[in-house]
Each structure stands twice: as C-alpha cells, then as structure tokens.
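Student: Provided below: my_file_33.pdb, containing PDB, C-alpha atoms.
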```pdb
ATOM      1  CA  MET A   1       0.000   0.000   0.000
ATOM      2  CA  LEU A   2       1.425   3.386  -0.902
ATOM      3  CA  ARG A   3       2.132   5.581   2.062
ATOM      4  CA  GLY A   4       0.961   8.998   1.127
ATOM      5  CA  ILE A   5      -1.307  10.748  -1.348
ATOM      6  CA  PHE A   6      -1.976  13.182  -4.146
ATOM      7  CA  LEU A   7      -2.503  16.802  -5.400
ATOM      8  CA  LEU A   8      -1.545  19.751  -7.647
ATOM      9  CA  SER A   9      -3.476  21.488 -10.313
ATOM     10  CA  PHE A  10      -0.584  21.939 -12.730
ATOM     11  CA  VAL A  11       1.100  18.561 -12.894
ATOM     12  CA  ALA A  12       1.740  18.421 -16.636
ATOM     13  CA  PHE A  13       3.678  21.671 -16.588
ATOM     14  CA  CYS A  14       5.372  21.829 -13.194
ATOM     15  CA  LEU A  15       6.206  18.219 -12.434
ATOM     16  CA  GLY A  16       8.580  17.867 -15.350
ATOM     17  CA  ALA A  17       7.398  14.332 -16.046
ATOM     18  CA  TRP A  18       4.385  12.463 -17.425
ATOM     19  CA  LEU A  19       2.471  10.743 -14.651
ATOM     20  CA  PRO A  20       0.498   7.574 -15.440
ATOM     21  CA  HIS A  21      -3.025   7.304 -14.049
ATOM     22  CA  ARG A  22      -3.114   4.926 -11.145
ATOM     23  CA  GLN A  23      -3.644   4.562  -7.423
ATOM     24  CA  HIS A  24      -0.758   5.416  -5.049
ATOM     25  CA  PRO A  25       1.053   4.451  -1.764
ATOM     26  CA  ASP A  26       0.646   5.189   1.965
ATOM     27  CA  GLY A  27       2.997   5.463   4.993
ATOM     28  CA  ARG A  28       3.127   6.392   8.758
ATOM     29  CA  ILE A  29       5.000   5.739  12.011
ATOM     30  CA  VAL A  30       4.005   2.563  13.866
ATOM     31  CA  GLY A  31       5.625   1.476  17.130
ATOM     32  CA  GLY A  32       7.517   4.736  17.545
ATOM     33  CA  ARG A  33       7.483   7.602  20.001
ATOM     34  CA  ALA A  34       6.898  11.340  20.055
ATOM     35  CA  THR A  35       9.861  13.527  19.179
ATOM     36  CA  THR A  36      10.534  17.184  18.330
ATOM     37  CA  ILE A  37      11.471  19.052  15.178
ATOM     38  CA  ARG A  38      14.720  20.090  16.865
ATOM     39  CA  GLU A  39      15.744  16.429  16.926
ATOM     40  CA  HIS A  40      14.911  16.089  13.208
ATOM     41  CA  PRO A  41      15.064  19.654  11.814
ATOM     42  CA  TYR A  42      15.113  18.443   8.204
ATOM     43  CA  GLN A  43      11.555  17.081   8.493
ATOM     44  CA  LEU A  44       8.861  18.910   6.498
ATOM     45  CA  SER A  45       5.100  18.606   6.107
ATOM     46  CA  PHE A  46       3.817  18.515   2.508
ATOM     47  CA  GLN A  47       0.378  20.104   2.728
ATOM     48  CA  VAL A  48      -2.651  20.463   0.471
ATOM     49  CA  ASP A  49      -5.116  23.252   1.231
ATOM     50  CA  GLY A  50      -3.401  23.644   4.604
ATOM     51  CA  LYS A  51      -3.776  19.972   5.563
ATOM     52  CA  HIS A  52      -0.896  17.541   6.044
ATOM     53  CA  SER A  53      -0.710  14.980   3.246
ATOM     54  CA  CYS A  54       2.892  13.695   3.149
ATOM     55  CA  GLY A  55       6.329  14.218   4.605
ATOM     56  CA  ALA A  56       9.370  15.734   2.907
ATOM     57  CA  SER A  57      12.960  16.679   3.751
ATOM     58  CA  VAL A  58      15.004  19.888   3.576
ATOM     59  CA  ILE A  59      17.942  19.240   1.223
ATOM     60  CA  ASP A  60      18.836  22.895   0.539
ATOM     61  CA  ALA A  61      17.590  26.324   1.600
ATOM     62  CA  GLN A  62      15.239  26.316  -1.397
ATOM     63  CA  TRP A  63      14.730  22.611  -2.145
ATOM     64  CA  ALA A  64      12.824  19.711  -0.589
ATOM     65  CA  LEU A  65      12.712  16.013  -1.447
ATOM     66  CA  THR A  66       9.547  13.906  -1.244
ATOM     67  CA  ALA A  67       7.894  10.884  -2.890
ATOM     68  CA  ALA A  68       6.637  11.073  -6.468
ATOM     69  CA  HIS A  69       3.347   9.476  -5.476
ATOM     70  CA  CYS A  70       2.687  12.424  -3.153
ATOM     71  CA  VAL A  71       2.363  14.745  -6.156
ATOM     72  CA  TYR A  72       0.849  12.167  -8.449
ATOM     73  CA  VAL A  73      -2.645  13.448  -9.163
ATOM     74  CA  ALA A  74      -3.449  16.821 -10.729
ATOM     75  CA  LEU A  75      -6.192  18.097  -8.475
ATOM     76  CA  ASP A  76      -7.179  21.663  -7.580
ATOM     77  CA  GLY A  77      -5.364  21.697  -4.249
ATOM     78  CA  SER A  78      -3.035  24.448  -3.079
ATOM     79  CA  VAL A  79       0.317  22.850  -2.199
ATOM     80  CA  THR A  80       2.517  24.324   0.516
ATOM     81  CA  ILE A  81       5.438  23.133   2.660
ATOM     82  CA  ARG A  82       5.482  23.632   6.431
ATOM     83  CA  ALA A  83       8.942  23.769   8.026
ATOM     84  CA  GLY A  84      10.272  24.055  11.554
ATOM     85  CA  SER A  85       7.339  22.705  13.556
ATOM     86  CA  SER A  86       6.814  19.591  15.659
ATOM     87  CA  TYR A  87       3.098  19.874  14.854
ATOM     88  CA  ARG A  88       1.609  18.806  11.555
ATOM     89  CA  GLU A  89      -0.676  21.760  10.902
ATOM     90  CA  ARG A  90       0.518  24.672  13.043
ATOM     91  CA  GLY A  91       3.697  26.540  13.891
ATOM     92  CA  GLY A  92       6.907  26.977  11.951
ATOM     93  CA  SER A  93       6.900  28.638   8.535
ATOM     94  CA  VAL A  94       4.752  27.916   5.476
ATOM     95  CA  HIS A  95       6.241  28.075   1.979
ATOM     96  CA  GLU A  96       4.542  28.198  -1.416
ATOM     97  CA  THR A  97       5.892  25.855  -4.088
ATOM     98  CA  GLU A  98       7.572  27.293  -7.176
ATOM     99  CA  GLU A  99       8.472  24.146  -9.128
ATOM    100  CA  ILE A 100       7.978  20.401  -8.726
ATOM    101  CA  PHE A 101       9.911  17.720 -10.612
ATOM    102  CA  VAL A 102       9.002  14.037 -10.595
ATOM    103  CA  HIS A 103      11.733  11.572 -11.521
ATOM    104  CA  PRO A 104      11.299  10.696 -15.220
ATOM    105  CA  LEU A 105      11.514   6.956 -14.497
ATOM    106  CA  TYR A 106       8.789   7.010 -11.855
ATOM    107  CA  ASN A 107       6.380   4.119 -12.437
ATOM    108  CA  SER A 108       3.092   4.170 -10.543
ATOM    109  CA  THR A 109       2.528   0.452 -11.103
ATOM    110  CA  THR A 110       5.845  -0.770  -9.688
ATOM    111  CA  VAL A 111       6.422   2.371  -7.561
ATOM    112  CA  ASP A 112       9.938   2.485  -9.042
ATOM    113  CA  TYR A 113      11.884   5.762  -8.678
ATOM    114  CA  ASP A 114       9.324   7.173  -6.250
ATOM    115  CA  ILE A 115      11.111  10.527  -5.887
ATOM    116  CA  ALA A 116      10.138  14.155  -6.465
ATOM    117  CA  LEU A 117      11.934  17.477  -5.991
ATOM    118  CA  ILE A 118      10.196  20.633  -4.785
ATOM    119  CA  LYS A 119      11.554  24.165  -5.123
ATOM    120  CA  VAL A 120       9.955  26.544  -2.636
ATOM    121  CA  ALA A 121       9.169  30.118  -3.619
ATOM    122  CA  SER A 122      10.668  31.589  -0.433
ATOM    123  CA  PRO A 123      13.823  29.966   1.031
ATOM    124  CA  PHE A 124      13.789  28.089   4.312
ATOM    125  CA  LEU A 125      15.382  30.218   7.038
ATOM    126  CA  LEU A 126      17.869  27.801   8.557
ATOM    127  CA  SER A 127      17.820  27.633  12.358
ATOM    128  CA  ASN A 128      17.834  25.100  15.185
ATOM    129  CA  ASP A 129      14.424  23.959  13.905
ATOM    130  CA  ILE A 130      15.156  23.965  10.152
ATOM    131  CA  GLN A 131      18.308  22.281   8.866
ATOM    132  CA  VAL A 132      19.523  20.696   5.640
ATOM    133  CA  ILE A 133      20.063  16.924   5.745
ATOM    134  CA  PRO A 134      23.081  15.728   3.719
ATOM    135  CA  LEU A 135      22.587  13.415   0.742
ATOM    136  CA  PRO A 136      24.619  10.312  -0.150
ATOM    137  CA  SER A 137      26.743  10.099  -3.274
ATOM    138  CA  GLN A 138      25.408   8.366  -6.379
ATOM    139  CA  ASN A 139      25.138   4.587  -5.853
ATOM    140  CA  ASP A 140      26.400   4.691  -2.249
ATOM    141  CA  ASP A 141      25.443   1.527  -0.382
ATOM    142  CA  VAL A 142      23.963   1.338   3.104
ATOM    143  CA  SER A 143      25.225  -1.490   5.282
ATOM    144  CA  GLU A 144      22.808  -4.279   6.123
ATOM    145  CA  GLY A 145      21.807  -3.991   9.767
ATOM    146  CA  ALA A 146      22.595  -0.267   9.995
ATOM    147  CA  THR A 147      20.180   1.563  12.293
ATOM    148  CA  ALA A 148      17.929   4.022  10.480
ATOM    149  CA  VAL A 149      15.440   6.530  11.843
ATOM    150  CA  VAL A 150      12.191   7.378  10.081
ATOM    151  CA  THR A 151       9.975  10.270  11.129
ATOM    152  CA  GLY A 152       6.527  11.628  10.311
ATOM    153  CA  TRP A 153       3.004  12.548  11.365
ATOM    154  CA  GLY A 154       1.279   9.548   9.813
ATOM    155  CA  HIS A 155      -0.908   6.817  11.294
ATOM    156  CA  THR A 156       0.340   5.201  14.485
ATOM    157  CA  SER A 157      -1.333   1.878  13.674
ATOM    158  CA  GLU A 158      -2.665   0.257  10.539
ATOM    159  CA  GLY A 159      -6.037   1.846   9.845
ATOM    160  CA  GLY A 160      -5.570   4.147  12.852
ATOM    161  CA  ASN A 161      -5.343   7.899  13.279
ATOM    162  CA  ASP A 162      -2.590  10.303  12.298
ATOM    163  CA  SER A 163      -0.369  11.832  14.946
ATOM    164  CA  VAL A 164      -0.567  15.545  15.755
ATOM    165  CA  ILE A 165       3.007  15.556  17.097
ATOM    166  CA  LEU A 166       6.029  14.356  15.122
ATOM    167  CA  GLN A 167       6.906  10.689  15.698
ATOM    168  CA  GLU A 168      10.145   8.746  15.255
ATOM    169  CA  VAL A 169      10.985   5.058  15.014
ATOM    170  CA  TYR A 170      14.317   3.249  14.640
ATOM    171  CA  VAL A 171      14.527   0.305  12.252
ATOM    172  CA  PRO A 172      17.367  -1.770  10.767
ATOM    173  CA  ILE A 173      18.312  -1.713   7.082
ATOM    174  CA  LEU A 174      17.634  -5.054   5.362
ATOM    175  CA  SER A 175      19.630  -6.583   2.526
ATOM    176  CA  GLN A 176      18.242  -6.350  -1.012
ATOM    177  CA  THR A 177      18.283 -10.147  -1.263
ATOM    178  CA  GLU A 178      16.236 -10.629   1.891
ATOM    179  CA  CYS A 179      13.728  -7.950   0.951
ATOM    180  CA  GLN A 180      13.409  -9.358  -2.584
ATOM    181  CA  GLY A 181      12.402 -12.671  -1.080
ATOM    182  CA  LEU A 182       9.843 -11.096   1.230
ATOM    183  CA  TYR A 183       8.254  -9.105  -1.605
ATOM    184  CA  ASP A 184       8.401 -11.743  -4.356
ATOM    185  CA  GLY A 185      10.998  -9.977  -6.489
ATOM    186  CA  LYS A 186       9.272  -6.568  -6.540
ATOM    187  CA  ILE A 187      12.223  -4.728  -4.996
ATOM    188  CA  THR A 188      14.247  -2.785  -7.592
ATOM    189  CA  ASP A 189      17.624  -1.075  -7.405
ATOM    190  CA  SER A 190      15.824   2.240  -6.752
ATOM    191  CA  MET A 191      14.397   0.869  -3.490
ATOM    192  CA  ILE A 192      15.773   0.119  -0.027
ATOM    193  CA  CYS A 193      14.042  -1.790   2.795
ATOM    194  CA  ALA A 194      14.054  -1.244   6.536
ATOM    195  CA  GLY A 195      12.188  -2.892   9.385
ATOM    196  CA  TYR A 196      11.977  -5.858  11.740
ATOM    197  CA  LEU A 197      10.975  -9.278  10.449
ATOM    198  CA  ASP A 198       8.633  -9.703  13.410
ATOM    199  CA  GLY A 199       6.988  -6.350  12.601
ATOM    200  CA  GLY A 200       5.753  -3.809  15.112
ATOM    201  CA  LYS A 201       7.849  -0.836  13.971
ATOM    202  CA  ASP A 202       7.306   0.833  10.601
ATOM    203  CA  SER A 203       6.246   3.890   8.637
ATOM    204  CA  CYS A 204       2.618   4.171   7.508
ATOM    205  CA  GLN A 205      -0.083   6.286   5.766
ATOM    206  CA  ASP A 206       0.720  10.010   5.623
ATOM    207  CA  ASP A 207       4.397   9.363   6.420
ATOM    208  CA  SER A 208       4.936   9.024   2.659
ATOM    209  CA  GLY A 209       7.663  11.241   1.247
ATOM    210  CA  GLY A 210       9.310  11.573   4.645
ATOM    211  CA  PRO A 211      12.937  10.844   5.550
ATOM    212  CA  LEU A 212      14.772   7.615   6.324
ATOM    213  CA  ALA A 213      18.139   8.656   7.761
ATOM    214  CA  VAL A 214      21.268   6.716   8.705
ATOM    215  CA  GLU A 215      23.951   8.537  10.697
ATOM    216  CA  GLY A 216      22.490  11.882   9.702
ATOM    217  CA  ILE A 217      22.363  11.150   5.949
ATOM    218  CA  LEU A 218      19.134  10.913   3.948
ATOM    219  CA  VAL A 219      19.249   7.397   2.500
ATOM    220  CA  GLY A 220      15.559   6.828   1.782
ATOM    221  CA  VAL A 221      12.144   8.376   1.210
ATOM    222  CA  VAL A 222       9.033   6.685   2.648
ATOM    223  CA  SER A 223       7.373   4.949  -0.304
ATOM    224  CA  TRP A 224       5.310   1.779   0.154
ATOM    225  CA  GLY A 225       4.781  -1.488   1.984
ATOM    226  CA  ASN A 226       2.222  -4.203   2.645
ATOM    227  CA  GLY A 227       0.213  -2.742   5.490
ATOM    228  CA  CYS A 228       2.066  -1.131   8.397
ATOM    229  CA  GLY A 229       4.224  -2.948  10.921
ATOM    230  CA  ARG A 230       3.160  -6.415   9.744
ATOM    231  CA  PRO A 231       5.555  -9.340  10.310
ATOM    232  CA  LEU A 232       7.672 -10.173   7.219
ATOM    233  CA  ASN A 233       6.494  -6.955   5.511
ATOM    234  CA  PRO A 234       9.175  -4.303   6.075
ATOM    235  CA  GLY A 235       8.839  -0.716   4.887
ATOM    236  CA  VAL A 236      10.061   0.014   1.356
ATOM    237  CA  TYR A 237      11.760   3.344   0.680
ATOM    238  CA  ALA A 238      12.938   5.118  -2.459
ATOM    239  CA  ARG A 239      16.747   4.865  -2.474
ATOM    240  CA  VAL A 240      18.212   8.387  -2.566
ATOM    241  CA  SER A 241      21.644   7.262  -3.781
ATOM    242  CA  ALA A 242      19.995   5.805  -6.903
ATOM    243  CA  VAL A 243      18.811   9.274  -7.961
ATOM    244  CA  ARG A 244      21.605  11.481  -6.616
ATOM    245  CA  ASP A 245      22.828  12.555 -10.062
ATOM    246  CA  TRP A 246      19.282  13.426 -11.131
ATOM    247  CA  ILE A 247      18.795  15.560  -7.997
ATOM    248  CA  SER A 248      21.989  17.425  -8.841
ATOM    249  CA  SER A 249      20.990  17.952 -12.472
ATOM    250  CA  LYS A 250      17.654  19.506 -11.495
ATOM    251  CA  SER A 251      18.614  21.478  -8.395
ATOM    252  CA  GLY A 252      22.343  22.100  -8.663
ATOM    253  CA  ILE A 253      22.823  20.566  -5.209
TER     254      ILE A 253
END
```
As structure tokens - that is how I would like this structure written.

Tutor:
Amino acid sequence: MLRGIFLLSFVAFCLGAWLPHRQHPDGRIVGGRATTIREHPYQLSFQVDGKHSCGASVIDAQWALTAAHCVYVALDGSVTIRAGSSYRERGGSVHETEEIFVHPLYNSTTVDYDIALIKVASPFLLSNDIQVIPLPSQNDDVSEGATAVVTGWGHTSEGGNDSVILQEVYVPILSQTECQGLYDGKITDSMICAGYLDGGKDSCQDDSGGPLAVEGILVGVVSWGNGCGRPLNPGVYARVSAVRDWISSKSGI
C-alpha cells in the first residue's frame, strides 16, 4: 500500500514528467514515540489546502525532497510546505511551491523511482528547527543492519489515526536479497528496505515522502509497503543514492 497521497493542479507543466493514471502508496509511524522538530530539523510537512498529506525533507535552503506518489494526481489543491514545527498543521513557517519535478523513471505500477523534488518560492530560514540533511553520493550503499530513523506525522497503527506531534521510530536496514524474497521480487535497485521481520515498527499512511536517515544522511524516502508494521512486511523506501545525479541535475545541489 502506498504511504501517502496526491494533489496539484498543474502537474503536466510543473512536475517535469508524465504521470500515469493509477492509485498510489501510503505510509506512517508505527511502534515509535513522540519527538521534536529540533531532533529532526530536516523534516517537512507537505500540505494540500493547509492539511498535512505527506512528509518531505530539507535538502537545501530552497529545495525539498519527497515521494513522487505524493504529487501524483493533478487536483485543484493548493500545495505548501510547512517547516520548523513539531506539529503537523501549526507553527513553523509555510512556503509556497515554485516548481515540482518528478523523476522521469517514476512508475506508478511498480512504484519504481518514487522521488520528487520541490523548489519553494521563499527559502527556508535555517535555524535550530530547520536544517539541511546531507545526501549520499550516487550509488552509495547502506550497510545491512545499519540503524535508520524514520519520522513523520502519519498513522500510528494500521487503519488508525494520524499523529498531531512528530513521531520517530528506529529500524534496521535489510539486505536487497532478503527484501526481494519477502516481496516476491518486486524490490528494484531504486528501493531500499528497513524494518523488523517480526513487525511492530514501521512507517505508515501520511508518512509518505518523509525521511529515512542513517547517521544523519538521507538514504531513503518513505514509499510503500504491505500494510504497516506487519511481520515479514518491512517498509520500502525510495533509495536516494539511486537518484543522486538526477537531484543534482535539477537542483544544482
């Protein structure tokens, strides 16, 4: 199930990519705990008509990274980015979007290359509550078993309610081979998996587009999974190192 959802009234022009017509993913934090934006100052809320819809990450004073499926449908919503707040729909600063680019290889059926770039109209004012998260180099690997942290305001249980306050959960990185086996070969080189085989800790709906970080580096973007926190169904994330060159070509970062 995809972990976030929709928007934008000008997709064809601003997204920089053709988007096939299909349903999308969901994501949220399950089995985690409340945290603060100061602990994760790169966390953003991707909002439609003032309501939280997905997560995103600060990667530059004027650029954010999120999931392609979060900007998938061209609806009449007003898209903004909220930065610097522990709360999903109040506090911090709100930024209009100037440009949105979806990765040209994004596939809504396979959820491959589930990555989108957002340029905000007014720069983020960097502070203790708003900070850039570093990106990996192209094709950098993440060690199996490395501890990752994923954050967001999504559901705290499968089919449950969203969280008002930012949540965090720590999960281990899984090997591509192991995750391939769990998901019947659906894991591509643009994806990375994290979670416990016995379940209980995961991202979930409305966490989509949010950050998966290892040692302070943005290695993944919340993308999809089978339910939330289910045994043998780890979270699947878009692999940032697989699209690092594309990010640079579009943003100059």

Student: In Å, rounded to a single decimal, give me how far CA of Pro104 (chain A) is from CA of Gly154 (chain A).

Tutor: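 That distance, rounded to one decimal, is 27.0 Å.
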
Student: Considering only C-alpha atoms, can you say which of A:Thr110, A:Gln138, A:Thr66, A:Ser86 comes closest to Gln167 (chain A)?

Tutor: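 Once distances to Gln167 (chain A) are computed over only C-alpha atoms, the minimum belongs to A:Ser86.
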
Student: Which residue out of A:Gly152, A:Gly195, A:Gly55, A:Gly185 has the minimum interatomic distance to Tyr170 (chain A) when only C-alpha atoms are used?

Tutor: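 Nearest candidate to Tyr170 (chain A) out of A:Gly152, A:Gly195, A:Gly55, A:Gly185: A:Gly195.
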
Student: One decimal, in Å: what's the spacing between CA of Val79 (chain A) and CA of Leu44 (chain A)?

Tutor: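 Atom-to-atom, CA of Val79 (chain A) to CA of Leu44 (chain A), that is 12.8 Å.
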
Student: At a cut-off of 8 Å, using all atoms listed in the file, what residues contact region 35-39 of chain A? Leave out same-chain residues fewer than 5 positions from it and give the result as a PyMOL selection string.

Tutor: chain A and resi 84-86+128-130+165-168

Student: Since we have the selection now, will you write its residues out, keeping C-alpha atoms, as a compact mmCIF listing (two decimals), in the coordinates of the input?

Tutor:
```txt
# COMPACT_ATOMS: atom_id res chain seq x y z
CA GLY A 84 10.27 24.06 11.55
CA SER A 85 7.34 22.70 13.56
CA SER A 86 6.81 19.59 15.66
CA ASN A 128 17.83 25.10 15.18
CA ASP A 129 14.42 23.96 13.90
CA ILE A 130 15.16 23.96 10.15
CA ILE A 165 3.01 15.56 17.10
CA LEU A 166 6.03 14.36 15.12
CA GLN A 167 6.91 10.69 15.70
CA GLU A 168 10.14 8.75 15.26
```

Student: For each of A:Cys228, A:Ile173, A:Leu117, A:Ile192, take the minimum atom-to-atom distance to His69 (chain A), counting only C-alpha atoms, then give the residue where this is smallest.

Tutor: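 Ranked by minimum distance to His69 (chain A), first place goes to A:Leu117.
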
Student: Hey, which of A:Ser203, A:Ser208, A:Ser190, A:Gln131 ends up closest to Val171 (chain A)? Count all atoms listed in the file.

Tutor: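 Closest to Val171 (chain A), using all atoms listed in the file: A:Ser203.
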
Student: I need the residue nearest Ile247 (chain A) from this list: A:Gly32, A:Ile115, A:Lys51, A:Ala68. Use all atoms listed in the file for the distance.

Tutor: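 Closest to Ile247 (chain A) of all the choices is A:Ile115.
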
Student: Translate the PyMOL selection byres ((chain A and resi 52) around 12) into a concrete residue list for this structure, as a ChimeraX atom specification.

Tutor: /A:4-7,44-51,53-56,70,77-83,87-90,94,152-155,162-166,205-210

Student: Starting from the shown file, work through the PyMOL selection byres ((chain A and resi 63) around 9) and note down what comes out as a ChimeraX atom specification.

Tutor: /A:57-62,64-65,117-120,123-124,251,253

Student: Would you compute the distance between CA of Ile217 (chain A) and CA of Glu96 (chain A)? Give it in Å to one decimal.

Tutor: 25.7 Å

Student: Just say which residues the PyMOL selection byres ((chain A and resi 223) around 6) picks in this file, as number ranges by chain.

Tutor: A: 3, 208, 222, 224, 236-238

Student: Pick from A:Ala194, A:Leu125, A:Asp114, A:Pro231: nearest to Ser175 (chain A), with only C-alpha atoms counted?

Tutor: A:Ala194

Student: Given 3 Å on each side, where is the centre and what are the edge lengths in Å to one decimal of the axis-aligned box enclosing the listed atoms of region 56-65 of chain A, as lines of an AutoDock Vina configuration file?

Tutor:
```
center_x = 14.1
center_y = 21.0
center_z = 0.8
size_x = 15.5
size_y = 16.6
size_z = 11.9
```

Student: Where atoms are absent from region 37-47 of chain A, fill them in so it carries all heavy atoms, then output it as an mmCIF file, in the frame of the given file.

Tutor:
```cif
data_model
loop_
_atom_site.group_PDB
_atom_site.id
_atom_site.type_symbol
_atom_site.label_atom_id
_atom_site.label_comp_id
_atom_site.auth_asym_id
_atom_site.auth_seq_id
_atom_site.Cartn_x
_atom_site.Cartn_y
_atom_site.Cartn_z
ATOM 1 N N ILE A 37 10.845 18.626 16.422
ATOM 2 C CA ILE A 37 11.471 19.052 15.178
ATOM 3 C C ILE A 37 12.947 19.386 15.405
ATOM 4 O O ILE A 37 13.763 19.241 14.487
ATOM 5 C CB ILE A 37 10.715 20.258 14.571
ATOM 6 C CG1 ILE A 37 11.077 20.416 13.090
ATOM 7 C CG2 ILE A 37 10.963 21.518 15.367
ATOM 8 C CD1 ILE A 37 10.616 19.300 12.195
ATOM 9 N N ARG A 38 13.312 19.772 16.594
ATOM 10 C CA ARG A 38 14.720 20.090 16.865
ATOM 11 C C ARG A 38 15.594 18.845 16.794
ATOM 12 O O ARG A 38 16.785 18.928 16.498
ATOM 13 C CB ARG A 38 14.849 20.787 18.220
ATOM 14 C CG ARG A 38 16.202 21.428 18.444
ATOM 15 C CD ARG A 38 16.159 22.572 19.412
ATOM 16 N NE ARG A 38 15.430 23.712 18.883
ATOM 17 C CZ ARG A 38 15.429 24.925 19.430
ATOM 18 N NH1 ARG A 38 16.127 25.152 20.530
ATOM 19 N NH2 ARG A 38 14.735 25.912 18.891
ATOM 20 N N GLU A 39 15.006 17.685 17.060
ATOM 21 C CA GLU A 39 15.744 16.429 16.926
ATOM 22 C C GLU A 39 15.873 16.017 15.460
ATOM 23 O O GLU A 39 16.812 15.316 15.089
ATOM 24 C CB GLU A 39 15.028 15.318 17.706
ATOM 25 C CG GLU A 39 15.049 15.501 19.212
ATOM 26 C CD GLU A 39 16.455 15.459 19.777
ATOM 27 O OE1 GLU A 39 17.243 14.598 19.343
ATOM 28 O OE2 GLU A 39 16.765 16.310 20.648
ATOM 29 N N HIS A 40 14.928 16.447 14.636
ATOM 30 C CA HIS A 40 14.911 16.089 13.208
ATOM 31 C C HIS A 40 14.553 17.332 12.391
ATOM 32 O O HIS A 40 13.495 17.394 11.753
ATOM 33 C CB HIS A 40 13.903 14.965 12.957
ATOM 34 C CG HIS A 40 14.102 13.777 13.841
ATOM 35 N ND1 HIS A 40 15.082 12.832 13.609
ATOM 36 C CD2 HIS A 40 13.459 13.399 14.983
ATOM 37 C CE1 HIS A 40 15.027 11.907 14.564
ATOM 38 N NE2 HIS A 40 14.055 12.227 15.406
ATOM 39 N N PRO A 41 15.415 18.352 12.386
ATOM 40 C CA PRO A 41 15.064 19.654 11.814
ATOM 41 C C PRO A 41 14.955 19.676 10.294
ATOM 42 O O PRO A 41 14.558 20.691 9.715
ATOM 43 C CB PRO A 41 16.200 20.565 12.287
ATOM 44 C CG PRO A 41 17.359 19.635 12.499
ATOM 45 C CD PRO A 41 16.746 18.360 13.019
ATOM 46 N N TYR A 42 15.250 18.558 9.654
ATOM 47 C CA TYR A 42 15.113 18.443 8.204
ATOM 48 C C TYR A 42 13.707 17.997 7.794
ATOM 49 O O TYR A 42 13.352 18.019 6.625
ATOM 50 C CB TYR A 42 16.129 17.433 7.656
ATOM 51 C CG TYR A 42 16.168 16.143 8.448
ATOM 52 C CD1 TYR A 42 15.262 15.110 8.210
ATOM 53 C CD2 TYR A 42 17.099 15.963 9.475
ATOM 54 C CE1 TYR A 42 15.276 13.943 8.953
ATOM 55 C CE2 TYR A 42 17.124 14.798 10.225
ATOM 56 C CZ TYR A 42 16.218 13.799 9.967
ATOM 57 O OH TYR A 42 16.229 12.648 10.723
ATOM 58 N N GLN A 43 12.903 17.590 8.779
ATOM 59 C CA GLN A 43 11.555 17.081 8.493
ATOM 60 C C GLN A 43 10.619 18.215 8.067
ATOM 61 O O GLN A 43 10.581 19.286 8.682
ATOM 62 C CB GLN A 43 10.972 16.400 9.731
ATOM 63 C CG GLN A 43 9.521 15.971 9.603
ATOM 64 C CD GLN A 43 9.349 14.682 8.832
ATOM 65 O OE1 GLN A 43 10.014 13.684 9.119
ATOM 66 N NE2 GLN A 43 8.445 14.684 7.862
ATOM 67 N N LEU A 44 9.851 17.964 7.003
ATOM 68 C CA LEU A 44 8.861 18.910 6.498
ATOM 69 C C LEU A 44 7.494 18.245 6.401
ATOM 70 O O LEU A 44 7.401 17.022 6.302
ATOM 71 C CB LEU A 44 9.258 19.402 5.101
ATOM 72 C CG LEU A 44 10.583 20.140 4.967
ATOM 73 C CD1 LEU A 44 10.966 20.274 3.493
ATOM 74 C CD2 LEU A 44 10.502 21.509 5.633
ATOM 75 N N SER A 45 6.457 19.084 6.380
ATOM 76 C CA SER A 45 5.100 18.606 6.107
ATOM 77 C C SER A 45 4.675 19.127 4.734
ATOM 78 O O SER A 45 4.683 20.335 4.482
ATOM 79 C CB SER A 45 4.114 19.102 7.165
ATOM 80 O OG SER A 45 2.778 18.772 6.799
ATOM 81 N N PHE A 46 4.314 18.205 3.844
ATOM 82 C CA PHE A 46 3.817 18.515 2.508
ATOM 83 C C PHE A 46 2.301 18.639 2.629
ATOM 84 O O PHE A 46 1.627 17.664 2.972
ATOM 85 C CB PHE A 46 4.214 17.374 1.576
ATOM 86 C CG PHE A 46 3.831 17.543 0.144
ATOM 87 C CD1 PHE A 46 4.724 18.055 -0.775
ATOM 88 C CD2 PHE A 46 2.574 17.150 -0.306
ATOM 89 C CE1 PHE A 46 4.380 18.182 -2.104
ATOM 90 C CE2 PHE A 46 2.217 17.276 -1.628
ATOM 91 C CZ PHE A 46 3.126 17.799 -2.537
ATOM 92 N N GLN A 47 1.772 19.837 2.388
ATOM 93 C CA GLN A 47 0.378 20.104 2.728
ATOM 94 C C GLN A 47 -0.448 20.503 1.505
ATOM 95 O O GLN A 47 0.049 21.142 0.579
ATOM 96 C CB GLN A 47 0.311 21.205 3.786
ATOM 97 C CG GLN A 47 1.162 20.860 5.011
ATOM 98 C CD GLN A 47 0.811 21.648 6.245
ATOM 99 O OE1 GLN A 47 0.410 22.796 6.180
ATOM 100 N NE2 GLN A 47 0.966 21.011 7.402
#
```
